[in-house]
Amino acid sequence: MQENLVNDIIDLQKEKKWKEIVERYHDHPDRNKLLWVFPSKENFEFLKERLQRLCCGRMLSVGCGSGLLEWMITEATGIPVSGVEIDGAWWHCKYAPPTFIPLLFTANELDKDIKSLLQESRSTALLFCYFNNREAFNEYLKYFSGNVIVIIGPADGKGVHTDPKPFGDVPEEWKLYDSQEVRDSKDFIAIYRRNSV
Ligand SMILES: C[S@@+](CC[C@H](N)C(=O)[O-])C[C@H]1O[C@@H](n2cnc3c(N)ncnc32)[C@H](O)[C@@H]1O
């Protein structure tokens with residue numbers, strides 16, 4: 001079952017069929033093997049439109065996992081998305097999930113290259129999808145020079161924990177700009193901007 005899901009998604013990705021991926025697998029019981037959230041066409045449009053308004057030409061996804069979401073965002077919106085992960089050795093081993101974009105790697109303590117990337121990212125939106133590491137979240141924000149962050153995760157009541165959560169969980173200087181539920185999943189896309197925008 002799990003193998004079928006992974007192989008089917010790999011095949012669909014090769015054919016660039018992101019719509020089929022989200023429609024077929026958004027409620028599949030094994031979907032978390034590759035990705036926690038499967039946005040709808042409307043969710044991708046929401047993201048594209050809001051990021052255009054906020055003058056963000058790129059995204060950098062922290063804790064991108066397989067990179068499936070990041071690949072689909074690029075396909076669906078035209079916005080280039082890169083992804084950062086920890087533990088390069090795991091992601092290169094044969095038991096790791098497949099990856100759909102090239103991953104950038106860092107150690108737990110942020111690498112020099114990642115710090116520089118964050119510092120040179122003024123028109124980039126930083127994405128955290130189902131991220132679960134508050135200390136690292138604070139560290140990424142400390143070096144980030146851009147003015148927009150996107151948090152995707154479960155609202156209270158879904159019974160799943162992430163850190164940060166999409167609402168009420170970011171430092172004071174970040175204000176909620178807009179949000180949208182992912183289908184009717186109790187997961188939300190929450191877009192924040194800094195006062196300086
Ligand atoms: C729950 S998974 C979510 C993966 C993916 N974003 C998704 O929605 O399916 C959280 C990911 O964050 C990564 N992570 C944890 N700490 C990190 C850090 N300091 N820098 C980058 N990634 C990190 C983990 O390796 C893991 O892949």
# chains A, B, ... in the order shown; residues from 1 in each chain; ligands from 1

call {"tool": "closest_atom_pairs", "arguments": {"of": "chain A", "to": "ligand 1", "cutoff": "10 Å", "atoms": "only C-alpha atoms and all ligand atoms", "output": "Markdown table"}}
result
| residue | atom | partner | partner_atom_place_in_ligand_line | distance |
| --- | --- | --- | --- | --- |
| A:Arg31 | CA | ligand 1 | 9 (O) | 8.9 |
| A:Asn32 | CA | ligand 1 | 9 (O) | 6.4 |
| A:Lys33 | CA | ligand 1 | 9 (O) | 7.7 |
| A:Leu34 | CA | ligand 1 | 9 (O) | 6.0 |
| A:Leu35 | CA | ligand 1 | 9 (O) | 3.4 |
| A:Trp36 | CA | ligand 1 | 9 (O) | 4.2 |
| A:Val37 | CA | ligand 1 | 8 (O) | 5.9 |
| A:Phe38 | CA | ligand 1 | 8 (O) | 8.9 |
| A:Ser61 | CA | ligand 1 | 6 (N) | 7.6 |
| A:Val62 | CA | ligand 1 | 21 (C) | 5.1 |
| A:Gly63 | CA | ligand 1 | 22 (N) | 3.3 |
| A:Cys64 | CA | ligand 1 | 6 (N) | 4.0 |
| A:Gly65 | CA | ligand 1 | 27 (O) | 4.0 |
| A:Ser66 | CA | ligand 1 | 5 (C) | 6.8 |
| A:Gly67 | CA | ligand 1 | 5 (C) | 7.1 |
| A:Leu68 | CA | ligand 1 | 9 (O) | 7.8 |
| A:Leu69 | CA | ligand 1 | 8 (O) | 7.2 |
| A:Glu70 | CA | ligand 1 | 6 (N) | 8.7 |
| A:Gly83 | CA | ligand 1 | 21 (C) | 8.5 |
| A:Val84 | CA | ligand 1 | 21 (C) | 5.3 |
| A:Glu85 | CA | ligand 1 | 22 (N) | 3.9 |
| A:Ile86 | CA | ligand 1 | 21 (C) | 4.7 |
| A:Asp87 | CA | ligand 1 | 25 (O) | 7.0 |
| A:Gly88 | CA | ligand 1 | 25 (O) | 9.4 |
| A:Trp90 | CA | ligand 1 | 25 (O) | 9.2 |
| A:Trp91 | CA | ligand 1 | 25 (O) | 9.0 |
| A:Leu104 | CA | ligand 1 | 21 (C) | 9.0 |
| A:Phe105 | CA | ligand 1 | 21 (C) | 7.4 |
| A:Thr106 | CA | ligand 1 | 20 (N) | 6.4 |
| A:Ala107 | CA | ligand 1 | 19 (N) | 7.0 |
| A:Asn108 | CA | ligand 1 | 19 (N) | 5.0 |
| A:Glu109 | CA | ligand 1 | 19 (N) | 7.2 |
| A:Leu110 | CA | ligand 1 | 19 (N) | 7.2 |
| A:Asp111 | CA | ligand 1 | 20 (N) | 9.9 |
| A:Ile114 | CA | ligand 1 | 20 (N) | 9.8 |
| A:Leu127 | CA | ligand 1 | 6 (N) | 8.7 |
| A:Phe128 | CA | ligand 1 | 6 (N) | 6.6 |
| A:Cys129 | CA | ligand 1 | 6 (N) | 4.4 |
| A:Tyr130 | CA | ligand 1 | 3 (C) | 4.8 |
| A:Phe131 | CA | ligand 1 | 10 (C) | 4.7 |
| A:Asn132 | CA | ligand 1 | 10 (C) | 5.9 |
| A:Asn133 | CA | ligand 1 | 16 (N) | 5.6 |
| A:Arg134 | CA | ligand 1 | 16 (N) | 8.8 |
| A:Glu135 | CA | ligand 1 | 19 (N) | 8.0 |
| A:Ala136 | CA | ligand 1 | 19 (N) | 4.7 |
| A:Phe137 | CA | ligand 1 | 19 (N) | 7.3 |
| A:Asn138 | CA | ligand 1 | 19 (N) | 9.8 |
| A:Glu139 | CA | ligand 1 | 19 (N) | 8.4 |
| A:Tyr140 | CA | ligand 1 | 19 (N) | 8.2 |
| A:Ile152 | CA | ligand 1 | 8 (O) | 7.9 |
| A:Gly153 | CA | ligand 1 | 8 (O) | 8.1 |
| A:His161 | CA | ligand 1 | 1 (C) | 9.5 |
| A:Thr162 | CA | ligand 1 | 1 (C) | 7.8 |
| A:Asp163 | CA | ligand 1 | 1 (C) | 9.8 |

call {"tool": "select_by_dssp", "arguments": {"residues": "stretch 78-190 of chain A", "states": "strand (DSSP E or B)", "output": "ChimeraX atom specification"}}
result
/A:81-86,103-106,124-129,132,148-154,163,174-181,187-190

call {"tool": "closest_residue", "arguments": {"among": "A:Gln180, A:Thr124, A:Asn195, A:Gln119", "to": "A:Ser145", "atoms": "only C-alpha atoms"}}
result
A:Gln119

call {"tool": "atom_distance", "arguments": {"atom1": "atom CA of A:Pro171", "atom2": "atom CA of A:Asp187"}}
result
20.6 Å

call {"tool": "residues_around", "arguments": {"residues": "A:Trp174", "least_positions_apart": "6", "cutoff": "7 Å", "atoms": "only C-alpha atoms", "output": "VMD selection string"}}
result
chain A and resid 192 to 195

call {"tool": "decode", "arguments": {"residues": "stretch 8-39 of chain A", "atoms": "N, CA and C atoms", "output": "mmCIF file, in the first residue's frame"}}
result
data_model
loop_
_atom_site.group_PDB
_atom_site.id
_atom_site.type_symbol
_atom_site.label_atom_id
_atom_site.label_comp_id
_atom_site.auth_asym_id
_atom_site.auth_seq_id
_atom_site.Cartn_x
_atom_site.Cartn_y
_atom_site.Cartn_z
ATOM 1 N N ASP A 8 3.519 5.486 -7.201
ATOM 2 C CA ASP A 8 2.542 6.217 -8.029
ATOM 3 C C ASP A 8 2.872 7.704 -8.067
ATOM 4 N N ILE A 9 3.213 8.240 -6.882
ATOM 5 C CA ILE A 9 3.507 9.676 -6.831
ATOM 6 C C ILE A 9 4.783 9.997 -7.608
ATOM 7 N N ILE A 10 5.772 9.119 -7.507
ATOM 8 C CA ILE A 10 7.004 9.340 -8.292
ATOM 9 C C ILE A 10 6.669 9.361 -9.786
ATOM 10 N N ASP A 11 5.828 8.422 -10.222
ATOM 11 C CA ASP A 11 5.457 8.383 -11.650
ATOM 12 C C ASP A 11 4.707 9.645 -12.062
ATOM 13 N N LEU A 12 3.759 10.059 -11.211
ATOM 14 C CA LEU A 12 2.979 11.264 -11.546
ATOM 15 C C LEU A 12 3.880 12.500 -11.573
ATOM 16 N N GLN A 13 4.843 12.532 -10.654
ATOM 17 C CA GLN A 13 5.737 13.695 -10.623
ATOM 18 C C GLN A 13 6.569 13.753 -11.906
ATOM 19 N N LYS A 14 7.014 12.591 -12.374
ATOM 20 C CA LYS A 14 7.808 12.560 -13.618
ATOM 21 C C LYS A 14 6.991 13.127 -14.770
ATOM 22 N N GLU A 15 5.669 12.891 -14.712
ATOM 23 C CA GLU A 15 4.804 13.402 -15.781
ATOM 24 C C GLU A 15 4.275 14.801 -15.467
ATOM 25 N N LYS A 16 4.782 15.383 -14.384
ATOM 26 C CA LYS A 16 4.413 16.740 -13.943
ATOM 27 C C LYS A 16 2.919 16.878 -13.661
ATOM 28 N N LYS A 17 2.313 15.809 -13.131
ATOM 29 C CA LYS A 17 0.859 15.826 -12.880
ATOM 30 C C LYS A 17 0.569 16.150 -11.413
ATOM 31 N N TRP A 18 0.851 17.398 -11.008
ATOM 32 C CA TRP A 18 0.651 17.741 -9.594
ATOM 33 C C TRP A 18 -0.828 17.723 -9.203
ATOM 34 N N LYS A 19 -1.702 18.076 -10.146
ATOM 35 C CA LYS A 19 -3.140 18.082 -9.812
ATOM 36 C C LYS A 19 -3.625 16.676 -9.472
ATOM 37 N N GLU A 20 -3.173 15.694 -10.244
ATOM 38 C CA GLU A 20 -3.562 14.304 -9.963
ATOM 39 C C GLU A 20 -3.010 13.874 -8.601
ATOM 40 N N ILE A 21 -1.790 14.311 -8.295
ATOM 41 C CA ILE A 21 -1.201 13.920 -7.003
ATOM 42 C C ILE A 21 -2.082 14.422 -5.860
ATOM 43 N N VAL A 22 -2.452 15.710 -5.886
ATOM 44 C CA VAL A 22 -3.224 16.231 -4.743
ATOM 45 C C VAL A 22 -4.644 15.668 -4.727
ATOM 46 N N GLU A 23 -5.236 15.498 -5.893
ATOM 47 C CA GLU A 23 -6.622 14.992 -5.901
ATOM 48 C C GLU A 23 -6.686 13.527 -5.469
ATOM 49 N N ARG A 24 -5.731 12.733 -5.923
ATOM 50 C CA ARG A 24 -5.774 11.298 -5.609
ATOM 51 C C ARG A 24 -5.350 10.991 -4.178
ATOM 52 N N TYR A 25 -4.390 11.785 -3.660
ATOM 53 C CA TYR A 25 -3.744 11.344 -2.414
ATOM 54 C C TYR A 25 -3.993 12.228 -1.196
ATOM 55 N N HIS A 26 -4.821 13.286 -1.308
ATOM 56 C CA HIS A 26 -4.937 14.224 -0.182
ATOM 57 C C HIS A 26 -5.517 13.578 1.061
ATOM 58 N N ASP A 27 -6.295 12.474 0.900
ATOM 59 C CA ASP A 27 -6.792 11.819 2.109
ATOM 60 C C ASP A 27 -6.344 10.352 2.200
ATOM 61 N N HIS A 28 -5.275 10.040 1.518
ATOM 62 C CA HIS A 28 -4.745 8.671 1.567
ATOM 63 C C HIS A 28 -4.135 8.412 2.951
ATOM 64 N N PRO A 29 -4.413 7.235 3.557
ATOM 65 C CA PRO A 29 -3.914 7.002 4.920
ATOM 66 C C PRO A 29 -2.387 7.015 5.055
ATOM 67 N N ASP A 30 -1.662 6.742 3.988
ATOM 68 C CA ASP A 30 -0.190 6.710 4.083
ATOM 69 C C ASP A 30 0.481 7.974 3.547
ATOM 70 N N ARG A 31 -0.302 9.023 3.319
ATOM 71 C CA ARG A 31 0.260 10.194 2.637
ATOM 72 C C ARG A 31 1.410 10.849 3.402
ATOM 73 N N ASN A 32 1.368 10.728 4.762
ATOM 74 C CA ASN A 32 2.410 11.388 5.561
ATOM 75 C C ASN A 32 3.805 10.830 5.311
ATOM 76 N N LYS A 33 3.858 9.697 4.700
ATOM 77 C CA LYS A 33 5.155 9.113 4.326
ATOM 78 C C LYS A 33 5.928 10.112 3.447
ATOM 79 N N LEU A 34 5.198 10.861 2.620
ATOM 80 C CA LEU A 34 5.867 11.817 1.730
ATOM 81 C C LEU A 34 5.587 13.268 2.074
ATOM 82 N N LEU A 35 4.405 13.550 2.647
ATOM 83 C CA LEU A 35 4.020 14.952 2.865
ATOM 84 C C LEU A 35 2.810 15.020 3.794
ATOM 85 N N TRP A 36 2.806 16.026 4.681
ATOM 86 C CA TRP A 36 1.713 16.141 5.652
ATOM 87 C C TRP A 36 0.486 16.849 5.098
ATOM 88 N N VAL A 37 0.679 17.709 4.101
ATOM 89 C CA VAL A 37 -0.430 18.551 3.648
ATOM 90 C C VAL A 37 -0.506 18.538 2.123
ATOM 91 N N PHE A 38 -1.686 18.230 1.586
ATOM 92 C CA PHE A 38 -1.874 18.215 0.132
ATOM 93 C C PHE A 38 -2.860 19.322 -0.246
ATOM 94 N N PRO A 39 -2.344 20.528 -0.549
ATOM 95 C CA PRO A 39 -3.248 21.655 -0.826
ATOM 96 C C PRO A 39 -4.082 21.427 -2.089
#
